[in-house]
$ cat final-v6.txt   # compact mmCIF, C-alpha atoms and all ligand atoms
# COMPACT_ATOMS: atom_id res chain seq x y z
CA MET A 1 0.00 0.00 0.00
CA ASP A 2 1.28 3.42 -0.98
CA HIS A 3 0.83 6.01 1.74
CA PHE A 4 1.49 8.79 -0.79
CA ALA A 5 -1.44 8.31 -3.16
CA TYR A 6 -4.08 10.40 -4.93
CA ARG A 7 -7.57 10.68 -3.59
CA GLY A 8 -9.45 12.09 -6.50
CA GLU A 9 -7.09 14.66 -7.98
CA GLN A 10 -5.30 15.49 -4.74
CA LEU A 11 -2.14 13.85 -3.45
CA PHE A 12 -2.36 12.66 0.14
CA ALA A 13 0.25 11.67 2.69
CA GLU A 14 -1.56 9.02 4.71
CA ASP A 15 -4.85 10.77 5.56
CA VAL A 16 -3.77 14.37 5.03
CA ALA A 17 -3.84 16.34 1.77
CA VAL A 18 -0.29 17.36 0.85
CA ALA A 19 -1.61 20.78 -0.24
CA ASP A 20 -2.89 21.37 3.30
CA ILE A 21 0.46 20.38 4.81
CA ALA A 22 2.28 22.72 2.44
CA ALA A 23 -0.14 25.55 3.26
CA GLN A 24 0.64 25.13 6.95
CA TYR A 25 4.40 24.54 6.82
CA GLN A 26 5.40 26.20 3.52
CA THR A 27 7.83 24.82 0.95
CA PRO A 28 10.33 23.33 0.32
CA LEU A 29 9.22 20.71 2.81
CA TYR A 30 10.08 17.10 3.58
CA VAL A 31 7.06 14.98 4.48
CA TYR A 32 7.48 11.51 5.99
CA SER A 33 4.93 8.77 6.58
CA ARG A 34 5.15 6.96 9.90
CA ALA A 35 3.07 4.02 8.63
CA THR A 36 5.47 3.52 5.71
CA LEU A 37 8.56 3.63 7.91
CA GLU A 38 7.00 1.06 10.23
CA ARG A 39 5.86 -1.19 7.40
CA HIS A 40 9.31 -1.20 5.82
CA TRP A 41 11.02 -1.95 9.12
CA HIS A 42 8.62 -4.80 9.85
CA ALA A 43 9.17 -6.21 6.34
CA PHE A 44 12.81 -6.85 7.28
CA ASN A 45 12.20 -7.85 10.85
CA ASP A 46 9.37 -10.29 10.10
CA ALA A 47 11.14 -11.82 7.11
CA LEU A 48 13.99 -13.07 9.26
CA GLY A 49 11.54 -15.15 11.26
CA ASN A 50 13.04 -17.29 13.98
CA HIS A 51 16.67 -16.81 13.10
CA PRO A 52 18.14 -14.67 15.90
CA HIS A 53 18.52 -11.25 14.36
CA LEU A 54 18.68 -7.50 14.81
CA ILE A 55 17.72 -4.83 12.28
CA CYS A 56 20.18 -1.95 12.65
CA TYR A 57 18.69 0.88 10.59
CA ALA A 58 21.44 2.93 8.87
CA VAL A 59 21.06 6.34 10.46
CA LYS A 60 22.81 8.18 7.62
CA ALA A 61 19.81 7.57 5.35
CA ASN A 62 17.58 9.79 7.48
CA SER A 63 18.74 10.83 10.91
CA ASN A 64 15.83 13.02 11.97
CA ILE A 65 15.09 12.44 15.65
CA GLY A 66 11.41 11.85 14.84
CA VAL A 67 12.30 9.14 12.33
CA LEU A 68 14.76 7.49 14.72
CA ASN A 69 12.17 7.63 17.49
CA VAL A 70 9.56 5.84 15.37
CA LEU A 71 12.06 3.04 14.72
CA ALA A 72 13.39 2.95 18.30
CA ARG A 73 9.83 2.35 19.52
CA LEU A 74 9.74 -0.76 17.33
CA GLY A 75 12.88 -2.03 19.07
CA SER A 76 15.20 -1.27 16.16
CA GLY A 77 18.96 -1.26 16.41
CA PHE A 78 21.01 1.36 14.56
CA ASP A 79 24.09 1.48 12.33
CA ILE A 80 26.03 4.69 12.89
CA VAL A 81 29.11 6.28 11.34
CA SER A 82 29.86 9.11 13.76
CA ALA A 83 29.53 10.23 17.36
CA GLY A 84 26.91 12.69 16.14
CA GLU A 85 24.74 9.86 14.85
CA LEU A 86 25.11 8.03 18.18
CA ALA A 87 24.06 11.17 20.05
CA ARG A 88 20.99 11.42 17.80
CA VAL A 89 20.07 7.77 18.44
CA ILE A 90 20.29 8.29 22.19
CA GLU A 91 18.36 11.57 22.03
CA ALA A 92 15.67 9.77 20.02
CA GLY A 93 15.30 7.07 22.69
CA GLY A 94 17.31 4.36 20.91
CA ASP A 95 19.21 1.71 22.86
CA PRO A 96 23.02 2.14 22.54
CA GLY A 97 23.30 -1.57 23.29
CA LYS A 98 21.79 -2.16 19.84
CA VAL A 99 24.19 0.15 17.97
CA VAL A 100 26.92 -0.92 15.55
CA PHE A 101 29.53 1.69 14.68
CA SER A 102 30.79 1.59 11.07
CA GLY A 103 33.10 3.95 9.17
CA VAL A 104 36.72 4.13 8.07
CA GLY A 105 37.88 7.09 10.16
CA LYS A 106 36.70 6.81 13.75
CA LYS A 107 38.44 9.37 15.95
CA ALA A 108 39.65 8.54 19.45
CA ASP A 109 37.03 10.74 21.10
CA GLU A 110 34.27 9.08 19.08
CA ILE A 111 35.52 5.66 20.19
CA ARG A 112 35.61 6.85 23.81
CA TYR A 113 32.04 8.17 23.62
CA ALA A 114 30.80 4.93 22.05
CA LEU A 115 32.50 2.87 24.78
CA GLU A 116 31.00 5.06 27.49
CA GLN A 117 27.56 4.52 26.00
CA GLY A 118 28.07 0.75 25.76
CA ILE A 119 27.44 0.13 22.05
CA LEU A 120 26.96 -3.39 20.69
CA CYS A 121 30.15 -3.34 18.62
CA PHE A 122 32.60 -1.47 16.43
CA ASN A 123 32.67 -2.49 12.77
CA VAL A 124 36.41 -2.12 12.30
CA GLU A 125 37.73 -1.22 8.86
CA SER A 126 41.56 -1.41 9.24
CA GLU A 127 44.45 -2.62 11.42
CA PRO A 128 45.37 0.89 12.61
CA GLU A 129 41.77 1.29 13.76
CA LEU A 130 42.04 -1.94 15.77
CA HIS A 131 45.07 -0.53 17.55
CA ARG A 132 43.32 2.75 18.23
CA ILE A 133 40.23 1.07 19.72
CA ASN A 134 42.44 -1.20 21.80
CA GLU A 135 44.35 1.77 23.14
CA VAL A 136 41.28 3.86 24.02
CA ALA A 137 39.56 0.87 25.65
CA GLY A 138 42.73 0.22 27.67
CA GLN A 139 42.80 3.80 28.92
CA MET A 140 39.20 3.41 30.05
CA GLY A 141 39.68 -0.01 31.62
CA LYS A 142 37.12 -1.46 29.21
CA ILE A 143 36.95 -4.30 26.72
CA ALA A 144 35.72 -3.15 23.31
CA PRO A 145 33.48 -5.53 21.32
CA ILE A 146 34.61 -5.60 17.70
CA SER A 147 33.61 -7.00 14.34
CA LEU A 148 35.83 -6.81 11.27
CA ARG A 149 34.35 -5.34 8.13
CA ILE A 150 35.52 -7.62 5.36
CA ASN A 151 35.78 -6.30 1.85
CA PRO A 152 34.65 -9.41 -0.04
CA ASP A 153 35.64 -8.05 -3.47
CA VAL A 154 32.28 -8.57 -5.15
CA ASP A 155 30.84 -6.30 -7.79
CA ALA A 156 27.59 -4.87 -6.47
CA LYS A 157 26.71 -3.58 -9.96
CA THR A 158 25.55 -0.21 -8.75
CA HIS A 159 26.61 3.41 -9.33
CA PRO A 160 30.42 3.61 -8.91
CA TYR A 161 30.08 6.34 -6.25
CA ILE A 162 28.03 4.03 -4.02
CA SER A 163 29.81 0.73 -4.60
CA THR A 164 31.82 -0.21 -1.53
CA GLY A 165 32.76 -3.90 -1.71
CA LEU A 166 35.45 -3.87 -4.39
CA LYS A 167 39.19 -4.03 -3.80
CA ALA A 168 39.49 -0.58 -5.29
CA ASN A 169 37.20 0.92 -2.61
CA LYS A 170 38.44 2.41 0.65
CA PHE A 171 36.15 0.27 2.80
CA GLY A 172 36.88 -2.78 4.90
CA ILE A 173 39.70 -5.26 5.28
CA PRO A 174 40.69 -7.24 2.18
CA ARG A 175 39.49 -10.83 2.34
CA GLU A 176 43.05 -12.11 1.94
CA ARG A 177 44.12 -10.31 5.11
CA ALA A 178 41.06 -11.23 7.14
CA ILE A 179 42.45 -14.19 9.06
CA GLU A 180 45.67 -12.48 10.13
CA THR A 181 43.73 -9.36 11.14
CA TYR A 182 41.38 -11.50 13.25
CA ARG A 183 44.43 -13.10 14.87
CA LEU A 184 45.75 -9.65 15.74
CA ALA A 185 42.37 -8.59 17.11
CA HIS A 186 42.18 -11.76 19.18
CA GLU A 187 45.58 -11.03 20.72
CA LEU A 188 45.00 -7.39 21.56
CA PRO A 189 44.16 -7.32 25.28
CA ASN A 190 41.36 -4.76 25.33
CA LEU A 191 39.31 -6.15 22.46
CA LYS A 192 36.72 -8.88 22.31
CA VAL A 193 36.11 -10.31 18.86
CA THR A 194 32.36 -10.78 18.47
CA GLY A 195 31.47 -10.60 14.81
CA MET A 196 32.09 -10.09 11.14
CA ASP A 197 30.44 -7.61 8.79
CA CYS A 198 30.40 -6.34 5.25
CA HIS A 199 28.56 -3.78 3.19
CA ILE A 200 29.07 -4.01 -0.54
CA GLY A 201 27.21 -0.97 -1.81
CA SER A 202 23.94 0.85 -1.97
CA GLN A 203 20.88 0.71 -4.25
CA LEU A 204 21.50 -2.93 -5.23
CA THR A 205 18.69 -4.39 -7.29
CA ASP A 206 19.93 -7.95 -7.56
CA ILE A 207 20.23 -10.59 -4.83
CA GLY A 208 23.26 -12.28 -6.43
CA PRO A 209 26.03 -10.02 -5.08
CA PHE A 210 24.59 -10.16 -1.54
CA VAL A 211 24.61 -13.95 -1.60
CA ASP A 212 28.14 -14.08 -3.10
CA ALA A 213 29.41 -11.78 -0.36
CA LEU A 214 27.69 -13.82 2.35
CA GLU A 215 29.19 -17.05 1.05
CA ARG A 216 32.64 -15.52 1.16
CA LEU A 217 32.07 -14.33 4.71
CA LEU A 218 30.76 -17.71 5.87
CA GLY A 219 33.88 -19.37 4.48
CA LEU A 220 35.95 -17.07 6.71
CA VAL A 221 33.69 -17.71 9.71
CA ASP A 222 34.41 -21.43 9.37
CA GLU A 223 38.16 -20.88 8.97
CA LEU A 224 38.15 -18.79 12.13
CA ALA A 225 36.22 -21.44 14.06
CA GLU A 226 38.96 -23.93 13.19
CA LEU A 227 41.46 -21.53 14.71
CA GLY A 228 39.36 -21.31 17.87
CA ILE A 229 37.92 -17.86 17.14
CA GLU A 230 34.15 -18.21 17.49
CA LEU A 231 31.94 -15.35 16.36
CA SER A 232 28.55 -14.57 17.79
CA HIS A 233 27.14 -12.40 15.00
CA LEU A 234 27.31 -11.83 11.28
CA ASP A 235 26.33 -8.44 9.87
CA VAL A 236 25.48 -8.41 6.17
CA GLY A 237 25.27 -4.59 5.95
CA GLY A 238 22.60 -2.68 4.06
CA GLY A 239 22.28 -1.79 0.42
CA LEU A 240 18.96 -3.20 -0.74
CA GLY A 241 17.69 -0.95 -3.52
CA VAL A 242 14.30 0.68 -3.98
CA THR A 243 12.16 1.56 -6.97
CA TYR A 244 12.87 5.11 -8.09
CA ASN A 245 11.94 4.56 -11.71
CA GLN A 246 11.95 1.24 -13.56
CA GLU A 247 14.10 -0.71 -11.09
CA SER A 248 12.61 -3.87 -9.68
CA PRO A 249 14.66 -4.69 -6.59
CA PRO A 250 13.80 -7.79 -4.60
CA HIS A 251 11.25 -7.29 -1.83
CA PRO A 252 12.91 -7.27 1.61
CA ARG A 253 11.15 -10.59 2.20
CA GLU A 254 12.90 -12.23 -0.78
CA TYR A 255 16.21 -10.67 0.13
CA ALA A 256 15.97 -11.74 3.77
CA ALA A 257 14.83 -15.22 2.76
CA ALA A 258 17.89 -15.66 0.54
CA ILE A 259 20.16 -14.54 3.38
CA ALA A 260 18.35 -16.64 6.00
CA GLN A 261 18.59 -19.70 3.77
CA LYS A 262 22.38 -19.40 3.67
CA MET A 263 22.38 -19.06 7.46
CA ALA A 264 20.33 -22.19 8.06
CA GLY A 265 21.93 -24.40 10.69
CA ARG A 266 23.92 -21.47 12.05
CA GLU A 267 21.47 -20.30 14.68
CA ASN A 268 24.38 -19.54 17.03
CA LEU A 269 25.31 -16.74 14.65
CA LYS A 270 23.01 -13.77 15.15
CA LEU A 271 22.19 -12.03 11.89
CA ILE A 272 22.45 -8.25 11.71
CA MET A 273 21.18 -6.17 8.77
CA GLU A 274 21.78 -2.46 8.21
CA PRO A 275 19.10 -1.28 5.77
CA GLY A 276 18.83 2.46 5.29
CA ARG A 277 17.37 3.39 1.92
CA ALA A 278 14.93 0.46 1.80
CA ILE A 279 13.32 1.70 5.02
CA ALA A 280 13.39 5.45 4.49
CA ALA A 281 13.45 6.35 0.77
CA ASN A 282 9.84 5.71 -0.13
CA ALA A 283 8.65 6.87 3.27
CA GLY A 284 9.35 10.48 2.31
CA ILE A 285 8.63 13.14 -0.31
CA LEU A 286 9.95 16.62 -0.97
CA VAL A 287 7.24 19.19 -1.65
CA THR A 288 8.19 22.24 -3.68
CA GLU A 289 6.38 25.18 -5.26
CA VAL A 290 6.79 26.35 -8.83
CA GLU A 291 8.10 29.92 -8.82
CA PHE A 292 8.41 30.60 -12.53
CA VAL A 293 7.97 28.85 -15.80
CA LYS A 294 10.65 29.81 -18.29
CA GLU A 295 10.09 28.91 -21.91
CA GLY A 296 13.43 28.74 -23.69
CA GLU A 297 14.20 28.09 -27.34
CA GLU A 298 15.69 24.68 -26.69
CA LYS A 299 14.37 23.90 -23.24
CA HIS A 300 11.51 24.73 -20.95
CA PHE A 301 12.30 25.20 -17.30
CA ALA A 302 10.08 24.83 -14.27
CA ILE A 303 11.93 26.88 -11.66
CA VAL A 304 10.94 25.60 -8.23
CA ASP A 305 11.79 26.64 -4.68
CA ALA A 306 13.73 23.45 -3.83
CA ALA A 307 17.26 23.02 -5.09
CA MET A 308 20.34 20.82 -5.02
CA ASN A 309 21.11 22.06 -1.51
CA ASP A 310 17.79 20.53 -0.37
CA LEU A 311 18.05 17.31 -2.40
CA LEU A 312 21.49 16.54 -3.80
CA ARG A 313 20.99 13.11 -5.34
CA PRO A 314 19.96 14.23 -8.85
CA SER A 315 22.96 16.57 -9.11
CA LEU A 316 25.48 14.25 -7.48
CA TYR A 317 24.61 10.92 -9.08
CA ALA A 318 22.35 12.00 -11.94
CA ALA A 319 19.78 10.08 -9.90
CA TRP A 320 16.23 9.95 -11.26
CA GLN A 321 13.38 10.57 -8.83
CA ALA A 322 9.74 10.84 -9.85
CA ILE A 323 8.25 14.34 -9.93
CA ILE A 324 4.47 14.52 -9.71
CA PRO A 325 1.88 17.25 -9.17
CA VAL A 326 0.12 17.67 -5.84
CA ASP A 327 -3.07 18.58 -7.70
CA ARG A 328 -3.34 16.61 -10.91
CA SER A 329 -6.42 18.42 -12.12
CA THR A 330 -4.38 21.35 -13.45
CA THR A 331 -5.18 22.03 -17.04
CA SER A 332 -2.30 24.15 -18.33
CA GLN A 333 -0.52 22.81 -21.38
CA THR A 334 1.68 19.77 -20.89
CA ARG A 335 5.30 20.35 -21.84
CA ILE A 336 8.70 18.76 -21.32
CA TYR A 337 10.46 20.62 -18.52
CA ASP A 338 13.73 20.54 -16.69
CA VAL A 339 12.76 21.03 -13.05
CA VAL A 340 15.47 23.28 -11.63
CA GLY A 341 16.17 25.18 -8.42
CA PRO A 342 17.40 28.69 -7.68
CA VAL A 343 21.02 27.68 -6.90
CA CYS A 344 23.71 29.19 -9.10
CA GLU A 345 24.97 25.95 -10.63
CA THR A 346 24.15 24.47 -14.01
CA GLY A 347 24.04 21.12 -12.20
CA ASP A 348 21.22 22.33 -9.96
CA PHE A 349 18.27 20.26 -11.09
CA LEU A 350 15.75 17.92 -9.50
CA GLY A 351 14.73 16.28 -12.73
CA LYS A 352 15.32 16.62 -16.46
CA ASP A 353 12.95 16.22 -19.38
CA ARG A 354 9.81 15.67 -17.35
CA GLU A 355 6.40 15.89 -18.91
CA LEU A 356 4.39 18.20 -16.70
CA SER A 357 1.59 20.67 -16.75
CA VAL A 358 2.70 23.50 -14.49
CA SER A 359 2.04 27.12 -13.68
CA PRO A 360 3.62 29.39 -11.07
CA GLY A 361 2.19 28.61 -7.66
CA ASP A 362 1.60 24.92 -8.39
CA LEU A 363 3.00 22.37 -5.98
CA LEU A 364 5.18 19.51 -7.15
CA VAL A 365 6.44 16.51 -5.22
CA VAL A 366 9.75 14.72 -5.64
CA ARG A 367 9.11 11.14 -4.63
CA SER A 368 11.42 8.67 -2.86
CA ALA A 369 13.10 11.51 -0.99
CA GLY A 370 13.01 10.03 2.52
CA ALA A 371 16.54 8.60 2.29
CA TYR A 372 19.67 10.65 1.60
CA GLY A 373 17.46 13.69 1.17
CA PHE A 374 17.57 15.96 4.19
CA THR A 375 20.70 14.21 5.52
CA MET A 376 22.65 15.42 2.50
CA ALA A 377 21.12 18.90 2.49
CA SER A 378 23.37 21.91 2.90
CA ASN A 379 23.17 25.67 3.24
CA TYR A 380 24.83 26.31 -0.13
CA ASN A 381 23.90 29.74 -1.50
CA SER A 382 22.93 30.60 2.10
CA ARG A 383 19.63 28.85 1.74
CA CYS A 384 17.85 27.84 4.92
CA ARG A 385 17.33 24.10 5.09
CA PRO A 386 13.71 22.96 4.78
CA ALA A 387 11.32 21.90 7.52
CA GLU A 388 10.51 18.22 8.04
CA VAL A 389 7.14 16.86 9.10
CA MET A 390 5.93 13.36 9.98
CA VAL A 391 2.41 12.35 9.07
CA ASP A 392 0.78 9.77 11.30
CA GLY A 393 -2.75 8.96 10.12
CA ASP A 394 -4.52 12.31 10.12
CA ASN A 395 -1.95 14.01 12.36
CA VAL A 396 1.00 16.05 11.16
CA HIS A 397 3.96 16.56 13.49
CA LEU A 398 6.70 19.07 12.86
CA VAL A 399 9.87 17.03 13.41
CA ARG A 400 12.31 19.75 12.38
CA ALA A 401 11.55 23.43 12.10
CA ARG A 402 12.56 25.28 8.96
CA GLU A 403 15.87 27.05 9.49
CA ILE A 404 15.78 30.79 9.90
CA GLN A 405 18.36 33.26 8.65
CA LYS A 406 20.10 33.54 12.02
CA ASP A 407 20.82 29.80 11.85
CA LEU A 408 22.87 30.46 8.73
CA TRP A 409 25.71 32.18 10.58
CA LYS A 410 25.43 30.35 13.90
CA GLY A 411 28.97 30.05 15.32
CA GLU A 412 30.45 32.57 12.87
CA HIS A 413 32.08 35.77 14.13
CA LYS A 414 33.01 39.17 12.82
CA LEU A 415 36.59 40.27 13.53
CA PRO A 416 37.05 42.21 16.80
C1 LIG A 501 28.24 0.47 6.51
C2 LIG A 501 26.93 0.81 5.90
N1 LIG A 501 25.84 0.18 6.34
C3 LIG A 501 24.62 0.45 5.83
C4 LIG A 501 24.44 1.39 4.84
C5 LIG A 501 23.07 1.65 4.35
O1 LIG A 501 22.95 1.42 3.02
P1 LIG A 501 21.57 1.50 2.28
O2 LIG A 501 20.98 2.82 2.56
O3 LIG A 501 21.93 1.32 0.88
O4 LIG A 501 20.72 0.37 2.81
C6 LIG A 501 25.56 2.06 4.33
C7 LIG A 501 25.44 3.03 3.21
O5 LIG A 501 25.52 2.62 2.06
C8 LIG A 501 26.83 1.77 4.89
O6 LIG A 501 27.91 2.42 4.46
N1 LIG A 502 23.99 8.95 -0.46
C1 LIG A 502 23.83 7.91 -1.42
C2 LIG A 502 24.08 6.56 -0.91
C3 LIG A 502 25.36 6.39 -0.18
C4 LIG A 502 25.21 5.34 0.80
C5 LIG A 502 26.06 5.58 1.99
N2 LIG A 502 26.96 4.48 2.26
C6 LIG A 502 22.54 8.05 -2.18
O1 LIG A 502 21.85 9.00 -2.04
O2 LIG A 502 22.18 7.24 -2.97
$ encode --input "final-v6.txt" --output "structure tokens"
Amino acid sequence: MDHFAYRGEQLFAEDVAVADIAAQYQTPLYVYSRATLERHWHAFNDALGNHPHLICYAVKANSNIGVLNVLARLGSGFDIVSAGELARVIEAGGDPGKVVFSGVGKKADEIRYALEQGILCFNVESEPELHRINEVAGQMGKIAPISLRINPDVDAKTHPYISTGLKANKFGIPRERAIETYRLAHELPNLKVTGMDCHIGSQLTDIGPFVDALERLLGLVDELAELGIELSHLDVGGGLGVTYNQESPPHPREYAAAIAQKMAGRENLKLIMEPGRAIAANAGILVTEVEFVKEGEEKHFAIVDAAMNDLLRPSLYAAWQAIIPVDRSTTSQTRIYDVVGPVCETGDFLGKDRELSVSPGDLLVVRSAGAYGFTMASNYNSRCRPAEVMVDGDNVHLVRAREIQKDLWKGEHKLP
């Protein structure tokens, strides 16, 4: 069921007309659906059935406190990549004991903070990082739980900017060095080896690479067991794709079933998954108003009030996201438009060559904007970042106020 659907000619978010939300909170505006977030989370959690498991939602996809709170109430775990994300999880009511800490460049103070909060484990990406965690834990008189992120060298067949499991990528420990790195971790006095993880890329639409990576990891798990290093969890990362356009990614149920099948007979190994996009992307939209319509000789432009600073994905990856009207009864002439923002960059567009019928004042919606939307927003061109609201049935909650101009120079100073 789509919680962003037309009733008559009007687009609704759950039980509220998007036009009414925009009238109250202005544009550009991110709108999230609580029911969709919950349904997506349950799709993963239920699909794993009886196999011991934990869904650790990837906070980077959408780190709004309201979003994290919805998931924390379901009992979700979280995958974080910074102390800031951990602080958000805690502020949102999440359990630090269900947090895994990924990322290639953890600083000593971030490691200290995570140890103080008692996270589930560090997903370690290099030998120097192992030494750093060991040292910080030693200073604190603690034992740090660690997992090694293995780079399985599989081709995830996704956009090169978001592929992470190839030898050429900066992420993880090469498979060939895995055993000796585990030996080192096992010997370091302030570490406890608890798991293994991987994450091969994002927006994957095929199950094959996930299964290949898992097989490679399970081979290593068995080799380690022979050496007397027993793991208690295996974390397969995130990366399941969503439908933006024509893609047909596997349903989380199919994906989880394929993973669970490979894990059969290994009930001692808890399964962790770190989905981000698959939970958040289609749980959010970006609402924007048409400011001007500019008819050029070669191109027609719909100039809207959202821009690349609000939603970067189209500019950064040439990503395609659906753009639809809030009121589809509009009768102005249909034309092919580039939907562009006010930022001073040629690359500032939300969509190219879209067939639309638009006039100034009309509202448009960019779909699938719940993941890597607001989290990648910036203040470029000194634009205030948009507000975010969460719809829950017929209620609308403001989960982040629109920035005001004073926020733009917060922490900046004139010379004395
Ligand atoms: C370590 C790690 N886990 C999980 C994710 C979430 O990925 P996705 O949003 O594609 O599910 C990412 C981002 O790609 C990541 O780097
Ligand atoms: N930000 C990216 C995905 C990167 C995933 C982070 N590891 C996107 O919008 O598609």
$ axis_aligned_box --input "final-v6.txt" --around "ligand LIG 502 (chain A)" --padding-each-side "6 Å" --output "AutoDock Vina command-line options"
--center_x 24.4 --center_y 6.7 --center_z -0.4 --size_x 17.1 --size_y 16.5 --size_z 17.2
$ residues_near_point --input "final-v6.txt" --point "(9.7, 25.7, -16.6)" --cutoff "10 Å" --atoms "all atoms listed in the file" --output "ChimeraX atom specification"
/A:290-296,299-304,335-340,356-360
$ residues_around --input "final-v6.txt" --residues "segment 182-186 of chain A" --least-positions-apart "3" --cutoff "9 Å" --atoms "all atoms listed in the file" --output "ChimeraX atom specification"
/A:127,130-131,134,146,148,177-179,189,191-193,224,227,229
$ write_last_selection --input "final-v6.txt" --atoms "C-alpha atoms" --output "PDB file, in the frame of the given file"
ATOM      1  CA  GLU A 127      44.450  -2.620  11.420  1.00  0.00           C
ATOM      2  CA  LEU A 130      42.040  -1.940  15.770  1.00  0.00           C
ATOM      3  CA  HIS A 131      45.070  -0.530  17.550  1.00  0.00           C
ATOM      4  CA  ASN A 134      42.440  -1.200  21.800  1.00  0.00           C
ATOM      5  CA  ILE A 146      34.610  -5.600  17.700  1.00  0.00           C
ATOM      6  CA  LEU A 148      35.830  -6.810  11.270  1.00  0.00           C
ATOM      7  CA  ARG A 177      44.120 -10.310   5.110  1.00  0.00           C
ATOM      8  CA  ALA A 178      41.060 -11.230   7.140  1.00  0.00           C
ATOM      9  CA  ILE A 179      42.450 -14.190   9.060  1.00  0.00           C
ATOM     10  CA  PRO A 189      44.160  -7.320  25.280  1.00  0.00           C
ATOM     11  CA  LEU A 191      39.310  -6.150  22.460  1.00  0.00           C
ATOM     12  CA  LYS A 192      36.720  -8.880  22.310  1.00  0.00           C
ATOM     13  CA  VAL A 193      36.110 -10.310  18.860  1.00  0.00           C
ATOM     14  CA  LEU A 224      38.150 -18.790  12.130  1.00  0.00           C
ATOM     15  CA  LEU A 227      41.460 -21.530  14.710  1.00  0.00           C
ATOM     16  CA  ILE A 229      37.920 -17.860  17.140  1.00  0.00           C
TER      17      ILE A 229
END
$ atom_distance --input "final-v6.txt" --atom1 "atom CA of Asp212 of chain A" --atom2 "atom CA of Val99 of chain A"
25.7 Å
$ closest_residue --input "final-v6.txt" --among "A:Ala17, A:Ile80, A:Met273, A:Ile65" --to "ligand LIG 502 (chain A)" --atoms "all atoms listed in the file"
A:Ile80
$ residues_near_ligand --input "final-v6.txt" --ligand "ligand LIG 501 (chain A)" --cutoff "7 Å" --atoms "all atoms listed in the file" --output "MDAnalysis selection string"
chainID A and resid 58 61 79 102:103 162 199 201:203 237:241 274:278
$ closest_residue --input "final-v6.txt" --among "A:Asp206, A:Asp310, A:Glu129, A:Asp46" --to "Ala256 of chain A" --atoms "only C-alpha atoms"
A:Asp46
